[in-house]
Amino acid sequence: MNRFSYTVGLIVIFSFFILYSPKTSNLSNIVDLHQQLLIPLQKEERCDLFSGHWVQDLRDSQYTNVSCPSIPESKNCFMQGRPDSGFLQWRWKPDGCELPRFDPRTFFEIVRGKTMAFIGDSVARNHVESLLCLLSSVSSCDSFSAVNAEEMPLGIYKDTEDRSRTWYFPDSNFTLMVIWTRFLVLDEERLINGSATGVFDLHLDKMDKSWANKLPEIDYAILSDAHWFFRKNYLYENGKKIGCIFCGDPGIKILEIDSALQMVIKVVLNYINNCKRCRNILTVLRTFSPAHFANGAWDTGGSCNRTHPLGEKEIDLASLDWKIRSIQVEEIKSVRPVARRKTFEVLDITMAMLMRPDGHPNSYWGNRWMKGYNDCVHWCLPGPIDAWNDFLIALLRRHG
């Protein structure tokens with residue numbers, strides 16, 4: 001039973017005894033008690049879920065790399081030989097309240113008959129993979145009942161590169177999508193003699209059709225972006241080059257990563273807000289998921305060998321990671337006052353994940369394509385990324 005149901009139940013029971021009590025009680029006392037009963041729910045809704053720290057929690061994960069068959073090999077760190085499991089024994093504790101564990105039954109109640117799309121790069125896919133495992137989880141606790149067989153997803157679409165996928169949960173009439181996109185806006189990779197260069201032209205006045213064409217059928221859009229900005233890119237508006245990242249070309253405005261990203265986020269949120277064919281969509285912008293390469297970059301021997309979280313005082317809130325997060329939050333705040341039957345929220349995971357350098361695959365990702373490189377960008381499953389879905393369901397409950 002969730003906190004709201006519990007509170008309402010107490011109010012109904014208390015009101016029954018008041019109405020049928022042989023003694024008359026003061027009405028103001030009744031009102032005061034009703035207000036006291038509502039305080040827990042009100043406090044949870046006011047609480048900043050994203051400001052807090054990690055505390056030890058010796059409970060088992062809600063799924064394992066054995067119980068969840070959909071974990072890809074590259075995120076299945078235990079299958080790839082990771083020897084330690086202590087990184088799983090932590091939970092996120094907001095400073096002013098508790099963050100409940102993800103409950104599949106509550107999730108399905110909220111999203112029944114709806115469509116949810118995760119729109120972003122491979123880290124967005126990582127998020128969906130965590131969600132799929134949680135939705136198929138089996139727990140010995142009554143409060144975390146196993147999902148019925150009818151709730152197991154049917155894979156109804158997969159693109160040729162297995163980047164974008166769609167699943168359907170028939171019992172809940174719920175559709176779950178992951179739509180892969182590098183930049184959210186239209187991009188074109190530059191070629192030299194027909195070979196890819198890894199340099200992209202971004203068109204701010206055009207959206208990536210992979211997600212924009214599907215937007216009218218989406219009820220919940222979980223957006224994320226940033227990792228592909230850490231390279232040479234050129235930005236265009238109405239066909240005119242307006243700046244570049246890491247280019248150094250003469251006569252072209254040099255843009256910092258956070259500034260270029262802010263330009264993209266602004267036009268994307270405006271596009272969603274002005275979508276006339278769209279539903280009353282809830283758009284959730286998931287903030288930047290930090291990488292944790294130490295002693296080098298991804299291509300110069302960098303690794304992430306830690307086995308436990310960092311403390312609050314050990315993270316750098318002057319870093320580029322935090323600057324990116326801040327402009328993402330700023331853009332959501334900017335669009336809210338002009339929202340047109342749309343709702344905009346932030347899934348602000350950056351602080352929590354800055355503290356979790358221990359949660360990446362590192363060398364345990366079966367790197368058959370990139371021998372000798374470590375993965376300090378994506379997250380092990382199970383792992384601290386599962387907290388993202390604790391955050392997500394809390395946001396959905398507030399808007400549910």
# chains A, B, ... in the order shown; residues from 1 in each chain; ligands from 1
>>> residues_around(residues="His203 (chain A)", least_positions_apart="4", cutoff="6 Å", atoms="only C-alpha atoms", output="PDB file with N, CA, C and O atoms, in the first residue's frame")
ATOM      1  N   LEU A 186      18.556  16.897 -35.942  1.00  0.00           N
ATOM      2  CA  LEU A 186      19.077  16.227 -37.130  1.00  0.00           C
ATOM      3  C   LEU A 186      20.594  16.386 -37.192  1.00  0.00           C
ATOM      4  O   LEU A 186      21.133  17.480 -37.003  1.00  0.00           O
ATOM      5  N   TYR A 236      24.409  24.367 -37.115  1.00  0.00           N
ATOM      6  CA  TYR A 236      23.787  25.151 -38.165  1.00  0.00           C
ATOM      7  C   TYR A 236      22.377  25.557 -37.742  1.00  0.00           C
ATOM      8  O   TYR A 236      21.698  24.829 -37.001  1.00  0.00           O
ATOM      9  N   GLU A 237      21.951  26.707 -38.242  1.00  0.00           N
ATOM     10  CA  GLU A 237      20.579  27.159 -38.039  1.00  0.00           C
ATOM     11  C   GLU A 237      20.095  27.792 -39.337  1.00  0.00           C
ATOM     12  O   GLU A 237      20.733  28.711 -39.862  1.00  0.00           O
TER      13      GLU A 237
END
>>> residues_around(residues="region 361-363 of chain A", least_positions_apart="6", cutoff="6 Å", atoms="only C-alpha atoms", output="compact mmCIF listing (two decimals) with all heavy atoms, in the first residue's frame")
# COMPACT_ATOMS: atom_id res chain seq x y z
N CYS A 77 28.07 -7.47 -15.80
CA CYS A 77 29.43 -7.41 -15.26
C CYS A 77 29.83 -8.68 -14.53
O CYS A 77 31.00 -9.09 -14.59
CB CYS A 77 29.56 -6.19 -14.34
SG CYS A 77 29.19 -4.63 -15.18
N CYS A 304 38.15 2.71 -14.25
CA CYS A 304 37.32 3.07 -13.08
C CYS A 304 37.29 1.86 -12.16
O CYS A 304 36.40 1.03 -12.24
CB CYS A 304 35.90 3.49 -13.52
SG CYS A 304 35.20 2.51 -14.88
N ASN A 374 38.37 0.28 -21.54
CA ASN A 374 37.46 0.10 -20.41
C ASN A 374 36.19 0.93 -20.61
O ASN A 374 36.23 2.00 -21.23
CB ASN A 374 38.14 0.51 -19.10
CG ASN A 374 39.36 -0.34 -18.81
OD1 ASN A 374 39.31 -1.56 -18.88
ND2 ASN A 374 40.48 0.30 -18.48
N ASP A 375 35.08 0.44 -20.06
CA ASP A 375 33.81 1.16 -20.16
C ASP A 375 33.51 1.81 -18.82
O ASP A 375 33.09 1.15 -17.86
CB ASP A 375 32.68 0.20 -20.54
CG ASP A 375 31.36 0.92 -20.76
OD1 ASP A 375 31.29 2.14 -20.54
OD2 ASP A 375 30.37 0.26 -21.14
N CYS A 376 33.73 3.12 -18.76
CA CYS A 376 33.42 3.90 -17.56
C CYS A 376 32.32 4.92 -17.87
O CYS A 376 32.22 5.96 -17.22
CB CYS A 376 34.67 4.61 -17.04
SG CYS A 376 36.01 3.48 -16.59
N CYS A 380 26.76 -1.14 -14.85
CA CYS A 380 26.50 -2.57 -14.64
C CYS A 380 25.03 -2.79 -14.30
O CYS A 380 24.38 -1.96 -13.67
CB CYS A 380 27.35 -3.10 -13.48
SG CYS A 380 29.12 -3.18 -13.78
>>> atom_distance(atom1="CA of Met177 (chain A)", atom2="CA of Val377 (chain A)")
21.8 Å
>>> select_by_dssp(residues="region 75-247 of chain A", states="helix (DSSP H, G or I)", output="ChimeraX atom specification")
/A:86-88,104-111,122-135,142-144,149-151,209-212,215-217,227-229
>>> residues_around(residues="region 232-235 of chain A", least_positions_apart="6", cutoff="7 Å", atoms="only C-alpha atoms", output="PDB file with C-alpha atoms, in the first residue's frame")
ATOM      1  CA  VAL A 199      32.497  14.769 -37.136  1.00  0.00           C
ATOM      2  CA  PHE A 200      28.869  15.867 -37.335  1.00  0.00           C
ATOM      3  CA  ASP A 201      26.833  18.792 -38.639  1.00  0.00           C
ATOM      4  CA  LEU A 202      23.917  19.545 -36.277  1.00  0.00           C
ATOM      5  CA  HIS A 203      20.851  21.357 -37.614  1.00  0.00           C
ATOM      6  CA  LYS A 241      26.886  27.708 -39.763  1.00  0.00           C
ATOM      7  CA  ILE A 242      26.686  29.401 -36.344  1.00  0.00           C
ATOM      8  CA  GLY A 243      29.480  27.747 -34.399  1.00  0.00           C
ATOM      9  CA  CYS A 244      31.494  24.644 -33.666  1.00  0.00           C
ATOM     10  CA  ILE A 245      32.849  22.500 -30.839  1.00  0.00           C
ATOM     11  CA  PHE A 246      36.563  21.554 -30.800  1.00  0.00           C
ATOM     12  CA  CYS A 247      37.090  22.811 -34.342  1.00  0.00           C
TER      13      CYS A 247
END
>>> decode(residues="region 272-287 of chain A", atoms="all heavy atoms", output="JSON list (two decimals), in the first residue's frame")
[["chain", "number", "residue", "atom", "x", "y", "z"],
["A", 272, "ILE", "N", 8.74, 20.26, -28.64],
["A", 272, "ILE", "CA", 7.76, 19.44, -27.94],
["A", 272, "ILE", "C", 6.61, 20.30, -27.44],
["A", 272, "ILE", "O", 5.43, 19.95, -27.57],
["A", 272, "ILE", "CB", 8.43, 18.69, -26.77],
["A", 272, "ILE", "CG1", 9.45, 17.68, -27.31],
["A", 272, "ILE", "CG2", 7.38, 17.99, -25.90],
["A", 272, "ILE", "CD1", 10.29, 17.01, -26.24],
["A", 273, "ASN", "N", 6.93, 21.45, -26.88],
["A", 273, "ASN", "CA", 5.91, 22.34, -26.33],
["A", 273, "ASN", "C", 4.94, 22.82, -27.40],
["A", 273, "ASN", "O", 3.75, 23.03, -27.14],
["A", 273, "ASN", "CB", 6.58, 23.53, -25.64],
["A", 273, "ASN", "CG", 5.61, 24.33, -24.80],
["A", 273, "ASN", "OD1", 4.66, 23.81, -24.23],
["A", 273, "ASN", "ND2", 5.84, 25.63, -24.72],
["A", 274, "ASN", "N", 5.43, 23.01, -28.61],
["A", 274, "ASN", "CA", 4.61, 23.53, -29.70],
["A", 274, "ASN", "C", 4.00, 22.45, -30.59],
["A", 274, "ASN", "O", 3.39, 22.76, -31.61],
["A", 274, "ASN", "CB", 5.44, 24.49, -30.57],
["A", 274, "ASN", "CG", 5.81, 25.77, -29.83],
["A", 274, "ASN", "OD1", 4.98, 26.36, -29.17],
["A", 274, "ASN", "ND2", 7.07, 26.16, -29.93],
["A", 275, "CYS", "N", 4.16, 21.21, -30.19],
["A", 275, "CYS", "CA", 3.61, 20.10, -30.98],
["A", 275, "CYS", "C", 2.08, 20.08, -30.85],
["A", 275, "CYS", "O", 1.54, 19.75, -29.79],
["A", 275, "CYS", "CB", 4.20, 18.77, -30.51],
["A", 275, "CYS", "SG", 3.55, 17.34, -31.38],
["A", 276, "LYS", "N", 1.39, 20.45, -31.91],
["A", 276, "LYS", "CA", -0.07, 20.56, -31.86],
["A", 276, "LYS", "C", -0.76, 19.21, -31.93],
["A", 276, "LYS", "O", -1.90, 19.07, -31.47],
["A", 276, "LYS", "CB", -0.55, 21.46, -33.00],
["A", 276, "LYS", "CG", -0.07, 22.91, -32.88],
["A", 276, "LYS", "CD", -0.58, 23.77, -34.02],
["A", 276, "LYS", "CE", -0.10, 25.21, -33.87],
["A", 276, "LYS", "NZ", -0.56, 26.06, -35.00],
["A", 277, "ARG", "N", -0.10, 18.21, -32.51],
["A", 277, "ARG", "CA", -0.72, 16.90, -32.64],
["A", 277, "ARG", "C", -0.43, 15.99, -31.44],
["A", 277, "ARG", "O", -0.89, 14.86, -31.38],
["A", 277, "ARG", "CB", -0.24, 16.21, -33.92],
["A", 277, "ARG", "CG", -0.64, 16.95, -35.19],
["A", 277, "ARG", "CD", -0.23, 16.16, -36.44],
["A", 277, "ARG", "NE", 1.22, 15.97, -36.51],
["A", 277, "ARG", "CZ", 1.81, 14.78, -36.52],
["A", 277, "ARG", "NH1", 1.09, 13.68, -36.42],
["A", 277, "ARG", "NH2", 3.12, 14.70, -36.61],
["A", 278, "CYS", "N", 0.36, 16.52, -30.50],
["A", 278, "CYS", "CA", 0.78, 15.70, -29.37],
["A", 278, "CYS", "C", -0.28, 15.66, -28.27],
["A", 278, "CYS", "O", -1.12, 16.53, -28.16],
["A", 278, "CYS", "CB", 2.09, 16.23, -28.79],
["A", 278, "CYS", "SG", 3.50, 15.99, -29.88],
["A", 279, "ARG", "N", -0.19, 14.62, -27.47],
["A", 279, "ARG", "CA", -1.04, 14.48, -26.30],
["A", 279, "ARG", "C", -0.55, 15.42, -25.19],
["A", 279, "ARG", "O", 0.40, 16.17, -25.37],
["A", 279, "ARG", "CB", -1.01, 13.02, -25.83],
["A", 279, "ARG", "CG", -1.37, 12.03, -26.93],
["A", 279, "ARG", "CD", -1.10, 10.60, -26.50],
["A", 279, "ARG", "NE", -1.40, 9.68, -27.60],
["A", 279, "ARG", "CZ", -1.24, 8.36, -27.54],
["A", 279, "ARG", "NH1", -0.75, 7.80, -26.44],
["A", 279, "ARG", "NH2", -1.53, 7.60, -28.57],
["A", 280, "ASN", "N", -1.22, 15.35, -24.05],
["A", 280, "ASN", "CA", -0.73, 16.11, -22.89],
["A", 280, "ASN", "C", 0.48, 15.39, -22.31],
["A", 280, "ASN", "O", 0.43, 14.78, -21.25],
["A", 280, "ASN", "CB", -1.84, 16.25, -21.84],
["A", 280, "ASN", "CG", -3.01, 17.03, -22.38],
["A", 280, "ASN", "OD1", -2.88, 17.79, -23.33],
["A", 280, "ASN", "ND2", -4.17, 16.85, -21.78],
["A", 281, "ILE", "N", 1.56, 15.48, -23.04],
["A", 281, "ILE", "CA", 2.73, 14.65, -22.79],
["A", 281, "ILE", "C", 3.50, 15.11, -21.56],
["A", 281, "ILE", "O", 3.61, 16.31, -21.29],
["A", 281, "ILE", "CB", 3.63, 14.66, -24.04],
["A", 281, "ILE", "CG1", 4.79, 13.68, -23.93],
["A", 281, "ILE", "CG2", 4.15, 16.06, -24.31],
["A", 281, "ILE", "CD1", 5.57, 13.54, -25.23],
["A", 282, "LEU", "N", 4.00, 14.16, -20.79],
["A", 282, "LEU", "CA", 4.92, 14.45, -19.69],
["A", 282, "LEU", "C", 6.33, 14.23, -20.24],
["A", 282, "LEU", "O", 6.71, 13.11, -20.58],
["A", 282, "LEU", "CB", 4.66, 13.54, -18.50],
["A", 282, "LEU", "CG", 5.72, 13.59, -17.37],
["A", 282, "LEU", "CD1", 5.83, 14.98, -16.78],
["A", 282, "LEU", "CD2", 5.39, 12.57, -16.27],
["A", 283, "THR", "N", 7.08, 15.30, -20.35],
["A", 283, "THR", "CA", 8.46, 15.23, -20.83],
["A", 283, "THR", "C", 9.40, 15.28, -19.64],
["A", 283, "THR", "O", 9.36, 16.22, -18.84],
["A", 283, "THR", "CB", 8.77, 16.39, -21.79],
["A", 283, "THR", "OG1", 7.90, 16.32, -22.92],
["A", 283, "THR", "CG2", 10.22, 16.33, -22.26],
["A", 284, "VAL", "N", 10.25, 14.28, -19.51],
["A", 284, "VAL", "CA", 11.21, 14.19, -18.41],
["A", 284, "VAL", "C", 12.61, 14.25, -19.01],
["A", 284, "VAL", "O", 12.99, 13.38, -19.80],
["A", 284, "VAL", "CB", 11.02, 12.89, -17.61],
["A", 284, "VAL", "CG1", 12.06, 12.80, -16.49],
["A", 284, "VAL", "CG2", 9.61, 12.80, -17.04],
["A", 285, "LEU", "N", 13.36, 15.27, -18.65],
["A", 285, "LEU", "CA", 14.74, 15.39, -19.11],
["A", 285, "LEU", "C", 15.66, 14.77, -18.07],
["A", 285, "LEU", "O", 15.76, 15.27, -16.94],
["A", 285, "LEU", "CB", 15.10, 16.85, -19.34],
["A", 285, "LEU", "CG", 16.53, 17.14, -19.81],
["A", 285, "LEU", "CD1", 16.82, 16.45, -21.14],
["A", 285, "LEU", "CD2", 16.77, 18.64, -19.93],
["A", 286, "ARG", "N", 16.30, 13.67, -18.45],
["A", 286, "ARG", "CA", 17.24, 13.03, -17.54],
["A", 286, "ARG", "C", 18.59, 13.74, -17.66],
["A", 286, "ARG", "O", 19.13, 13.90, -18.74],
["A", 286, "ARG", "CB", 17.38, 11.55, -17.89],
["A", 286, "ARG", "CG", 18.08, 10.72, -16.80],
["A", 286, "ARG", "CD", 19.50, 10.45, -17.15],
["A", 286, "ARG", "NE", 19.63, 9.63, -18.35],
["A", 286, "ARG", "CZ", 20.69, 9.67, -19.14],
["A", 286, "ARG", "NH1", 21.70, 10.47, -18.90],
["A", 286, "ARG", "NH2", 20.74, 8.91, -20.23],
["A", 287, "THR", "N", 19.10, 14.21, -16.54],
["A", 287, "THR", "CA", 20.33, 15.00, -16.57],
["A", 287, "THR", "C", 21.55, 14.10, -16.87],
["A", 287, "THR", "O", 21.45, 12.88, -16.93],
["A", 287, "THR", "CB", 20.55, 15.76, -15.26],
["A", 287, "THR", "OG1", 20.65, 14.82, -14.18],
["A", 287, "THR", "CG2", 19.39, 16.72, -15.00]]
